[in-house]
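Q: Enclosed is the structure file structure-v1.txt (compact mmCIF, C-alpha atoms).
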# COMPACT_ATOMS: atom_id res chain seq x y z
CA MET V 5 164.75 47.60 9.30
CA LYS V 6 163.25 45.68 6.37
CA LYS V 7 166.04 46.91 4.06
CA LEU V 8 168.63 45.78 6.60
CA LEU V 9 167.04 42.33 6.85
CA ALA V 10 166.98 42.07 3.06
CA LEU V 11 170.67 42.96 2.84
CA LEU V 12 171.54 40.45 5.56
CA PHE V 13 169.53 37.81 3.74
CA ILE V 14 171.25 38.49 0.41
CA SER V 15 174.63 38.33 2.14
CA PHE V 16 173.61 35.00 3.68
CA LEU V 17 172.61 33.59 0.28
CA PHE V 18 176.05 34.10 -1.16
CA SER V 19 178.13 33.32 1.91
CA PHE V 20 178.65 29.69 0.94
CA THR V 21 180.57 28.13 -1.93
CA SER V 22 179.06 25.56 -4.27
CA GLU V 23 181.79 23.04 -3.37
CA ASP V 24 183.43 23.79 -6.72
CA ILE V 25 180.68 21.87 -8.50
CA PRO V 26 181.01 22.89 -12.16
CA THR V 27 177.99 24.23 -14.01
CA LEU V 28 177.07 22.56 -17.29
CA GLU V 29 178.51 24.57 -20.18
CA ILE V 30 176.74 25.74 -23.31
CA GLY V 31 177.05 23.10 -26.04
CA GLN V 32 177.15 20.14 -23.63
CA PRO V 33 174.56 17.34 -23.75
CA ALA V 34 171.80 17.05 -21.17
CA PRO V 35 172.80 14.69 -18.35
CA ASP V 36 170.29 11.91 -17.85
CA PHE V 37 168.45 11.42 -14.57
CA ASN V 38 166.08 8.99 -12.90
CA LEU V 39 164.07 10.97 -10.36
CA LYS V 40 160.78 10.65 -8.56
CA GLY V 41 158.12 13.25 -9.22
CA VAL V 42 155.51 14.57 -6.80
CA ASP V 43 152.99 12.37 -8.63
CA GLY V 44 154.92 9.28 -7.51
CA LYS V 45 156.19 8.48 -11.02
CA MET V 46 159.83 8.13 -12.07
CA TYR V 47 161.17 10.45 -14.77
CA SER V 48 164.22 10.45 -17.04
CA LEU V 49 165.23 12.27 -20.23
CA LYS V 50 163.42 9.56 -22.17
CA SER V 51 160.17 10.60 -20.50
CA PHE V 52 160.33 13.85 -22.46
CA ALA V 53 161.71 12.53 -25.74
CA LYS V 54 158.81 13.91 -27.79
CA ALA V 55 159.44 17.52 -26.76
CA LYS V 56 161.18 19.83 -29.25
CA ILE V 57 162.80 21.75 -26.42
CA LEU V 58 163.49 20.69 -22.84
CA MET V 59 163.65 23.33 -20.11
CA VAL V 60 165.03 22.07 -16.79
CA VAL V 61 164.44 24.35 -13.82
CA PHE V 62 166.32 23.84 -10.57
CA THR V 63 164.11 25.24 -7.84
CA CYS V 64 162.83 24.42 -4.34
CA ASN V 65 160.11 25.04 -1.76
CA HIS V 66 161.76 27.34 0.75
CA CYS V 67 163.52 29.99 -1.33
CA PRO V 68 161.68 33.34 -1.59
CA THR V 69 163.12 33.96 -5.06
CA ALA V 70 161.96 30.54 -6.25
CA GLN V 71 158.49 31.23 -4.87
CA ALA V 72 158.43 34.64 -6.53
CA TYR V 73 158.96 33.00 -9.93
CA GLU V 74 156.35 30.25 -9.56
CA GLU V 75 153.57 32.04 -11.43
CA ARG V 76 155.89 33.03 -14.28
CA LEU V 77 157.07 29.43 -14.61
CA LYS V 78 153.47 28.28 -14.81
CA LYS V 79 152.73 30.90 -17.50
CA ILE V 80 155.78 29.88 -19.52
CA THR V 81 154.69 26.25 -19.26
CA ALA V 82 151.13 27.01 -20.35
CA GLU V 83 152.18 29.24 -23.26
CA TYR V 84 155.05 27.18 -24.63
CA LYS V 85 153.85 23.61 -24.11
CA PRO V 86 151.63 23.78 -27.24
CA LYS V 87 154.76 24.85 -29.14
CA GLY V 88 156.65 21.73 -28.08
CA VAL V 89 158.46 22.99 -24.97
CA GLN V 90 158.58 20.70 -21.93
CA VAL V 91 159.26 22.34 -18.56
CA VAL V 92 160.64 20.10 -15.80
CA ALA V 93 161.46 21.29 -12.27
CA ILE V 94 164.03 19.58 -10.05
CA SER V 95 164.70 20.27 -6.39
CA PRO V 96 168.42 19.64 -5.75
CA ASN V 97 168.35 20.48 -2.05
CA SER V 98 169.16 18.08 0.75
CA PRO V 99 166.55 18.64 3.51
CA SER V 100 169.20 17.91 6.14
CA ALA V 101 171.22 20.94 4.98
CA LEU V 102 168.39 23.46 5.34
CA ARG V 103 168.59 25.60 8.47
CA LEU V 104 165.41 26.80 10.17
CA ASP V 105 166.58 30.41 9.94
CA GLU V 106 166.60 29.98 6.15
CA MET V 107 162.89 29.18 6.22
CA GLY V 108 161.59 32.60 7.19
CA TRP V 109 159.83 33.02 3.84
CA THR V 110 158.07 29.67 3.69
CA ASP V 111 155.80 27.26 5.49
CA LEU V 112 157.43 24.20 3.89
CA ASP V 113 160.86 22.63 3.95
CA ASP V 114 162.55 20.87 1.01
CA THR V 115 161.55 17.27 1.78
CA TYR V 116 159.78 15.22 -0.85
CA GLU V 117 156.62 15.16 1.27
CA HIS V 118 156.52 18.95 1.39
CA MET V 119 157.24 19.16 -2.34
CA VAL V 120 154.02 17.23 -2.89
CA ILE V 121 152.15 19.79 -0.77
CA ARG V 122 153.76 22.77 -2.52
CA ALA V 123 153.00 21.45 -6.01
CA LYS V 124 149.35 21.02 -5.03
CA ASP V 125 149.04 24.35 -3.20
CA ALA V 126 150.63 26.29 -6.06
CA ALA V 127 148.92 24.22 -8.79
CA TYR V 128 152.13 23.38 -10.65
CA ASN V 129 151.48 22.47 -14.29
CA PHE V 130 154.89 20.86 -14.79
CA PRO V 131 156.63 17.80 -13.28
CA TYR V 132 158.40 18.53 -10.00
CA LEU V 133 161.19 16.04 -9.26
CA TYR V 134 163.14 15.30 -6.08
CA ASP V 135 166.93 14.90 -6.05
CA GLY V 136 167.66 15.74 -2.41
CA ASP V 137 168.80 12.29 -1.32
CA THR V 138 171.61 11.49 -3.76
CA GLU V 139 172.10 14.80 -5.68
CA ILE V 140 173.66 12.73 -8.48
CA ALA V 141 171.67 14.37 -11.27
CA SER V 142 171.85 17.87 -9.85
CA LYS V 143 175.61 17.80 -9.53
CA LYS V 144 175.86 16.90 -13.21
CA TYR V 145 174.01 20.10 -14.07
CA GLY V 146 175.64 22.23 -11.38
CA PRO V 147 172.95 24.82 -10.64
CA ILE V 148 174.24 27.92 -8.85
CA ALA V 149 171.05 29.01 -7.10
CA THR V 150 167.31 28.50 -7.10
CA PRO V 151 165.88 29.08 -9.61
CA HIS V 152 168.41 28.23 -12.36
CA ILE V 153 167.22 27.49 -15.91
CA PHE V 154 168.84 25.07 -18.40
CA ILE V 155 167.33 24.97 -21.90
CA PHE V 156 168.17 22.16 -24.33
CA ASP V 157 167.42 21.96 -28.05
CA GLU V 158 165.85 19.03 -29.89
CA LYS V 159 169.14 17.14 -29.80
CA ARG V 160 169.31 17.84 -26.04
CA VAL V 161 172.30 20.15 -26.35
CA LEU V 162 172.43 23.01 -23.84
CA ARG V 163 171.64 26.33 -25.53
CA TYR V 164 170.77 28.56 -22.56
CA SER V 165 171.74 28.68 -18.88
CA GLY V 166 170.67 31.36 -16.45
CA ARG V 167 167.80 33.37 -15.02
CA ILE V 168 164.14 33.56 -15.99
CA ASP V 169 164.24 37.36 -16.24
CA ASP V 170 165.69 40.33 -14.36
CA VAL V 171 162.91 40.93 -11.80
CA GLU V 172 163.12 38.75 -8.69
CA LYS V 173 159.70 39.74 -7.36
CA PRO V 174 156.26 38.44 -8.37
CA THR V 175 155.28 41.95 -9.48
CA GLY V 176 157.00 44.38 -11.79
CA THR V 177 157.87 44.38 -15.48
CA PRO V 178 161.17 42.78 -16.48
CA LYS V 179 163.46 44.56 -18.92
CA SER V 180 165.06 41.35 -20.09
CA PHE V 181 162.95 38.25 -20.74
CA ASP V 182 165.97 35.96 -21.01
CA THR V 183 164.24 32.56 -20.80
CA ARG V 184 161.42 33.52 -23.14
CA ASN V 185 163.88 35.04 -25.60
CA ALA V 186 165.95 31.84 -25.61
CA LEU V 187 162.86 29.70 -26.20
CA ASP V 188 161.68 31.98 -29.01
CA ASN V 189 165.10 31.87 -30.67
CA LEU V 190 165.20 28.07 -30.59
CA LEU V 191 161.62 27.68 -31.82
CA ALA V 192 162.46 29.96 -34.74
CA GLY V 193 165.51 27.84 -35.58
CA GLN V 194 167.87 30.62 -34.58
CA LYS V 195 170.97 30.76 -32.40
CA VAL V 196 170.18 31.91 -28.89
CA ALA V 197 171.20 35.57 -28.73
CA VAL V 198 172.08 35.56 -25.03
CA GLU V 199 173.25 32.08 -24.11
CA LYS V 200 174.21 32.63 -20.50
CA THR V 201 173.29 34.98 -17.66
CA LYS V 202 174.04 35.17 -13.97
CA VAL V 203 171.41 33.85 -11.57
CA PHE V 204 170.10 35.19 -8.28
CA GLY V 205 168.49 33.25 -5.45
CA CYS V 206 169.16 30.89 -2.57
CA SER V 207 172.33 28.84 -2.65
CA ILE V 208 171.93 25.12 -3.31
CA LYS V 209 171.63 23.16 -0.07
CA TRP V 210 174.08 20.39 -0.91
CA ALA V 211 174.20 17.62 1.72
CA ALA V 212 177.75 18.63 2.64
CA LYS V 213 176.29 21.75 4.24
CA GLU V 214 174.63 19.66 6.95
CA THR V 215 177.33 20.91 9.31
CA LEU V 216 175.63 24.30 9.14
CA THR V 217 172.40 22.87 10.52
CA ASN V 218 174.37 21.20 13.30
CA ASN V 219 176.01 24.54 14.08
CA GLU V 220 172.56 26.10 14.23
CA LYS V 221 171.45 23.55 16.82
CA ASP V 222 174.59 24.21 18.86
CA GLY V 223 173.73 27.90 18.77
CA TRP V 224 170.24 27.29 20.16
CA ALA V 225 171.76 25.58 23.20
CA LYS V 226 173.79 28.72 23.95
CA GLU V 227 170.90 31.18 23.76
CA PRO V 228 169.81 32.54 27.15
CA VAL V 229 166.47 31.36 28.53
CA ALA V 230 164.57 33.48 31.05
CA ILE V 231 161.06 33.97 32.44
CA GLU V 232 159.55 37.16 33.83
CA SER V 233 156.50 37.81 35.97
CA ILE V 234 153.68 39.62 34.21
CA ASP V 235 150.69 41.40 35.73
CA ASP V 236 147.26 42.42 34.43
CA GLU V 237 148.56 45.52 32.68
CA GLY V 238 151.40 43.57 31.12
CA ILE V 239 149.00 41.09 29.55
CA LYS V 240 146.77 43.92 28.31
CA LYS V 241 149.85 45.47 26.70
CA LEU V 242 150.78 42.18 25.04
CA LEU V 243 147.32 41.95 23.52
CA LYS V 244 147.33 45.60 22.45
CA ASN V 245 150.53 44.75 20.58
CA ASP V 246 152.27 48.00 19.76
CA SER V 247 155.40 46.11 18.66
CA GLY V 248 154.78 46.52 14.94
CA LYS V 249 155.16 42.74 14.65
CA LEU V 250 152.87 39.77 14.23
CA ARG V 251 152.69 38.33 17.76
CA LEU V 252 151.97 34.67 18.52
CA ILE V 253 151.01 34.05 22.17
CA ASN V 254 150.84 30.60 23.74
CA VAL V 255 149.42 30.00 27.24
CA TRP V 256 150.76 26.79 28.78
CA ALA V 257 151.55 25.06 32.08
CA THR V 258 154.22 22.63 33.24
CA TRP V 259 151.56 20.17 34.46
CA CYS V 260 149.81 20.18 31.05
CA GLY V 261 151.25 17.33 29.00
CA PRO V 262 149.96 18.54 25.60
CA CYS V 263 151.29 22.03 26.39
CA VAL V 264 154.83 20.83 26.98
CA ALA V 265 154.67 18.37 24.08
CA GLU V 266 153.80 21.08 21.54
CA LEU V 267 156.21 23.74 22.78
CA PRO V 268 159.04 22.43 20.51
CA ASP V 269 156.77 23.10 17.51
CA PHE V 270 156.30 26.69 18.64
CA LEU V 271 160.03 27.08 19.20
CA ASN V 272 160.80 25.87 15.69
CA ILE V 273 158.22 28.31 14.33
CA ASN V 274 159.95 31.05 16.29
CA ARG V 275 163.34 30.05 14.92
CA MET V 276 161.94 30.22 11.39
CA TYR V 277 160.33 33.66 11.58
CA ARG V 278 162.00 35.56 14.42
CA HIS V 279 164.22 37.52 12.01
CA ARG V 280 161.10 38.80 10.27
CA ASP V 281 158.35 41.04 11.72
CA PHE V 282 157.33 38.24 14.07
CA GLU V 283 157.43 37.57 17.80
CA PHE V 284 156.59 34.47 19.85
CA VAL V 285 155.57 34.86 23.50
CA THR V 286 154.73 32.26 26.12
CA ILE V 287 152.63 32.82 29.25
CA CYS V 288 152.89 30.14 31.92
CA ALA V 289 149.69 29.51 33.89
CA ASP V 290 151.51 27.84 36.80
CA LYS V 291 151.16 29.40 40.22
CA PRO V 292 153.69 32.23 40.78
CA ASP V 293 155.60 30.15 43.34
CA LYS V 294 156.30 27.54 40.62
CA LYS V 295 158.33 30.00 38.55
CA ASP V 296 161.54 27.98 39.00
CA ARG V 297 159.83 24.84 37.74
CA ALA V 298 158.56 26.70 34.70
CA LEU V 299 162.03 28.08 34.01
CA ALA V 300 163.56 24.62 34.29
CA THR V 301 161.13 23.31 31.66
CA LEU V 302 161.86 26.23 29.35
CA LYS V 303 165.61 25.72 29.72
CA ARG V 304 165.29 22.02 28.95
CA LEU V 305 163.44 22.90 25.76
CA GLN V 306 165.89 25.72 24.90
CA ALA V 307 163.02 28.20 24.80
CA SER V 308 164.87 31.46 24.19
CA SER V 309 161.61 33.21 23.27
CA LYS V 310 160.02 35.91 25.42
CA ASN V 311 158.56 34.00 28.39
CA TYR V 312 156.22 35.17 31.14
CA ILE V 313 154.44 33.71 34.18
CA PHE V 314 151.23 35.31 35.49
CA ASN V 315 151.87 36.88 38.88
CA SER V 316 148.54 35.88 40.42
CA ASP V 317 147.01 32.67 41.75
CA ASP V 318 143.72 33.66 40.12
CA VAL V 319 143.70 31.67 36.88
CA TYR V 320 140.19 32.90 36.07
CA LYS V 321 141.52 36.43 35.97
CA LEU V 322 144.18 35.22 33.50
CA ILE V 323 141.48 33.62 31.33
CA GLU V 324 139.43 36.82 31.20
CA LEU V 325 142.48 38.95 30.48
CA VAL V 326 143.72 36.76 27.64
CA ASP V 327 140.34 36.15 26.00
CA PRO V 328 136.87 36.31 27.59
CA LYS V 329 135.70 33.73 25.03
CA TRP V 330 138.33 31.23 26.19
CA GLN V 331 136.72 28.44 28.24
CA GLY V 332 139.89 27.77 30.23
CA ALA V 333 141.35 24.54 28.83
CA LEU V 334 145.08 24.49 28.10
CA PRO V 335 146.93 25.05 25.88
CA TYR V 336 145.53 28.24 24.42
CA THR V 337 147.01 30.17 21.50
CA LEU V 338 146.33 33.57 19.96
CA MET V 339 147.85 35.43 17.04
CA VAL V 340 147.65 39.20 17.31
CA GLU V 341 148.46 41.71 14.61
CA PRO V 342 149.81 45.17 15.54
CA ASN V 343 147.20 47.38 17.19
CA GLY V 344 145.50 44.38 18.78
CA LYS V 345 143.63 42.66 15.96
CA VAL V 346 143.29 38.97 16.91
CA VAL V 347 143.53 36.85 13.74
CA TYR V 348 143.76 33.39 15.33
CA GLN V 349 142.41 31.78 18.50
CA LYS V 350 142.67 28.11 19.45
CA GLN V 351 141.87 26.17 22.60
CA GLY V 352 143.88 22.97 22.43
CA THR V 353 146.99 22.04 20.48
CA ILE V 354 147.75 23.67 17.15
CA ASN V 355 148.45 22.14 13.77
CA PRO V 356 152.08 23.27 13.20
CA MET V 357 151.86 23.15 9.40
CA LYS V 358 148.66 25.20 9.31
CA MET V 359 150.18 27.66 11.76
CA ARG V 360 153.30 28.12 9.61
CA LYS V 361 151.15 28.74 6.54
CA LEU V 362 148.98 31.21 8.46
CA ILE V 363 152.09 33.13 9.53
CA VAL V 364 153.88 33.27 6.18
CA GLU V 365 150.70 34.30 4.36
CA ASN V 366 150.01 37.14 6.76
CA PRO V 367 150.72 40.50 5.01
CA LEU V 368 153.25 41.37 7.72
CA ILE V 369 155.42 38.39 6.78
CA GLY V 370 154.94 37.15 3.21
CA ARG V 371 156.85 34.78 0.95
CA TYR V 372 159.01 37.35 -0.85
CA PHE V 373 161.59 39.94 0.11
Can you dump the structure from the file as structure tokens?
A:
Amino acid sequence: MKKLLALLFISFLFSFTSEDIPTLEIGQPAPDFNLKGVDGKMYSLKSFAKAKILMVVFTCNHCPTAQAYEERLKKITAEYKPKGVQVVAISPNSPSALRLDEMGWTDLDDTYEHMVIRAKDAAYNFPYLYDGDTEIASKKYGPIATPHIFIFDEKRVLRYSGRIDDVEKPTGTPKSFDTRNALDNLLAGQKVAVEKTKVFGCSIKWAAKETLTNNEKDGWAKEPVAIESIDDEGIKKLLKNDSGKLRLINVWATWCGPCVAELPDFLNINRMYRHRDFEFVTICADKPDKKDRALATLKRLQASSKNYIFNSDDVYKLIELVDPKWQGALPYTLMVEPNGKVVYQKQGTINPMKMRKLIVENPLIGRYF
């Protein structure tokens, strides 16, 4: 199943064209830019004038390949900065063109605000610049995927374009250290032996692809929404969790304002991770005779997740079944690993960002494929 998902993901990466945006050719000068960094400062080529070599990396928050290379980028920065190499990262992606089903390997989208969070969480030791609003600078470079490396010599002439190395996972030993080799060649005053390689990763989310996110929203509206009755044994089975997936369970009610208000957050989380080893389940605490009202609410919210309503009027029985430690206030949320290990419990509304991070950092999910 995991191999199939990986193949589907790879197919998805390369299913879109780059709008015929040309990639900067070897021997061409570095295009200038004026972009805001995650530190709030503005950066241009002049900001790095003292560097012997300039390495521009087009990367982003959401891409699993980009995340897999983060540590290697930090190591390259640390090792080569004393030698006069300046590493600069640019995110070319338009946040409006990023679909939720492309975010199954991340907790963060590609907005500037989330770039700030990612740079802090991952302890970036290089400037991280945002170009998602205008894409003017990025289109001058023409990156193919994230990450894509462009290395310029002291005169800011492009001498290398391509991958970091040939291993797209955070572990493993590369056979070809393309970026390091190019840097070493230039520092030694030599011609770069391999000037250009292919790249592998997520396609650039140019703003023109916003139609794809609109299509995604149209698709949600067409997904069937249903609710089933569940008894004591059914709830015990949910909590035992023999699905092989990470299961997130939310107990809610139609008369609970905070419950209904936070359901869209859960649904977006489900849309992000449902193609991974993840499952979202709702249990409605309304009386059984209010099943139609619960279904109407779920349909309005386009909740195509697995939805249940407890088949008893005894809410105290529901409380004890779900979690004896639960005091009874709604909403209530649990995360259960396979074989019933509860790894999260919360009475009250969740923090969606913390929840997404908790999910993606669970060993069953992860940031890499």
Q: Got a sec: who's within 10 Å of Gly166 (chain V), counting all atoms listed in the file, leaving out chain neighbours fewer than 2 positions off, as a PyMOL selection string?
A: chain V and resi 61+147-149+151-155+164+168-169+182-183+198-204
Q: Quick check, in Å to one decimal: how far apart do CA of Glu29 (chain V) and CA of Gly146 (chain V) lie?
A: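 These two atoms are separated by 9.5 Å.
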Q: Just give me the gap between CA of Asn355 (chain V) and CA of Phe270 (chain V) in Å, one decimal is fine.
A: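 Taking CA of Asn355 (chain V) and CA of Phe270 (chain V), their separation equals 10.3 Å.
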Q: Between V:Ile253, V:Val346, V:Met339, V:Ile239, which residue has the minimum interatomic distance to Leu322 (chain V), considering all atoms listed in the file?
A: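 Checking each of V:Ile253, V:Val346, V:Met339, V:Ile239 against Leu322 (chain V), counting all atoms listed in the file, the winner is V:Ile239.
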Q: Which residue, V:Val60, V:Leu102, V:Leu191, V:Leu49, has the smallest gap to Tyr84 (chain V) when you use all atoms listed in the file?
A: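 Ranking V:Val60, V:Leu102, V:Leu191, V:Leu49 by distance to Tyr84 (chain V), first place goes to V:Leu191.
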Q: When you count all atoms listed in the file, which of these residues is closest to Lys249 (chain V): V:Arg278, V:Lys173, V:Arg360, V:Lys159?
A: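 Residue with the minimum atom-to-atom distance to Lys249 (chain V): V:Arg278.
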Q: For CA of His66 (chain V) and CA of Asp111 (chain V), quote the distance in Å rounded to one decimal.
A: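 Distance between the two atoms: 7.6 Å.
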Q: Show me, as a ChimeraX atom specification, the residues that have an atom within 10 Å of Val42 (chain V) when counting all atoms listed in the file, minus same-chain residues fewer than 4 positions from it.
A: /V:46,116-124,131-134
Q: Find the residues around Glu227 (chain V) up to 8 Å (all atoms listed in the file counted), leave out those fewer than 2 positions away in its own chain, and share them as a ChimeraX atom specification.
A: /V:223-225,229,306,308
Q: Which is closer to Phe37 (chain V) than all the others in V:Gln71, V:Thr138, V:Thr337, V:Thr115, using all atoms listed in the file?
A: V:Thr138
Q: Using all atoms listed in the file, which residues sit within 9 Å of Pro356 (chain V) once same-chain residues fewer than 5 positions away are excluded, as an MDAnalysis selection string?
A: chainID V and resid 266 269:270 273 361
Q: Which residue gives the smallest distance to Asp327 (chain V) among V:Ile80, V:Leu362, V:Val255, V:Cys67, with only C-alpha atoms counted?
A: V:Val255
Q: Find, counting only C-alpha atoms, the residue in V:Leu28, V:Val91, V:Ala265, V:Ile313 that gets nearest to Ser51 (chain V).
A: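 Distance minimum relative to Ser51 (chain V) lands on V:Val91.
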Q: Find the residues near Pro26 (chain V): any atom within 8 Å, counting all atoms listed in the file, skip ones fewer than 6 places away on the same chain, and give them as number ranges by chain.
A: V: 143-146
Q: Those same residues, written as a short mmCIF file (atom, residue, chain, number, x, y, z; two decimals), in the frame of the given file with C-alpha atoms?
A:
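Written out: selection.cif:
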data_model
loop_
_atom_site.label_atom_id
_atom_site.label_comp_id
_atom_site.auth_asym_id
_atom_site.auth_seq_id
_atom_site.Cartn_x
_atom_site.Cartn_y
_atom_site.Cartn_z
CA LYS V 143 175.61 17.80 -9.53
CA LYS V 144 175.86 16.90 -13.21
CA TYR V 145 174.01 20.10 -14.07
CA GLY V 146 175.64 22.23 -11.38
#
Q: Please write as a list in words the list of polymer residues whose atoms come within 10 Å of (175.4, 21.9, -4.3), counting all atoms listed in the file and keeping to the coordinates of the file.
A: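 Selection result: Phe20, Thr21, Ser22, Glu23, Asp24, Ile25, Pro26, Pro96, Asn97, Ser98, Glu139, Ser142, Lys143, Gly146, Pro147, Ile148, Ala149, Ser207, Ile208, Lys209, Trp210, Ala211, Ala212 and Lys213 of chain V.
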Q: Let me have the centre and edge lengths of the axis-aligned box enclosing all listed atoms of region 193-209 of chain V with 8 Å padding on every side, in Å to one decimal, as JSON.
A:
{"center_x": 169.9, "center_y": 29.4, "center_z": -17.8, "size_x": 24.7, "size_y": 28.4, "size_z": 51.5}
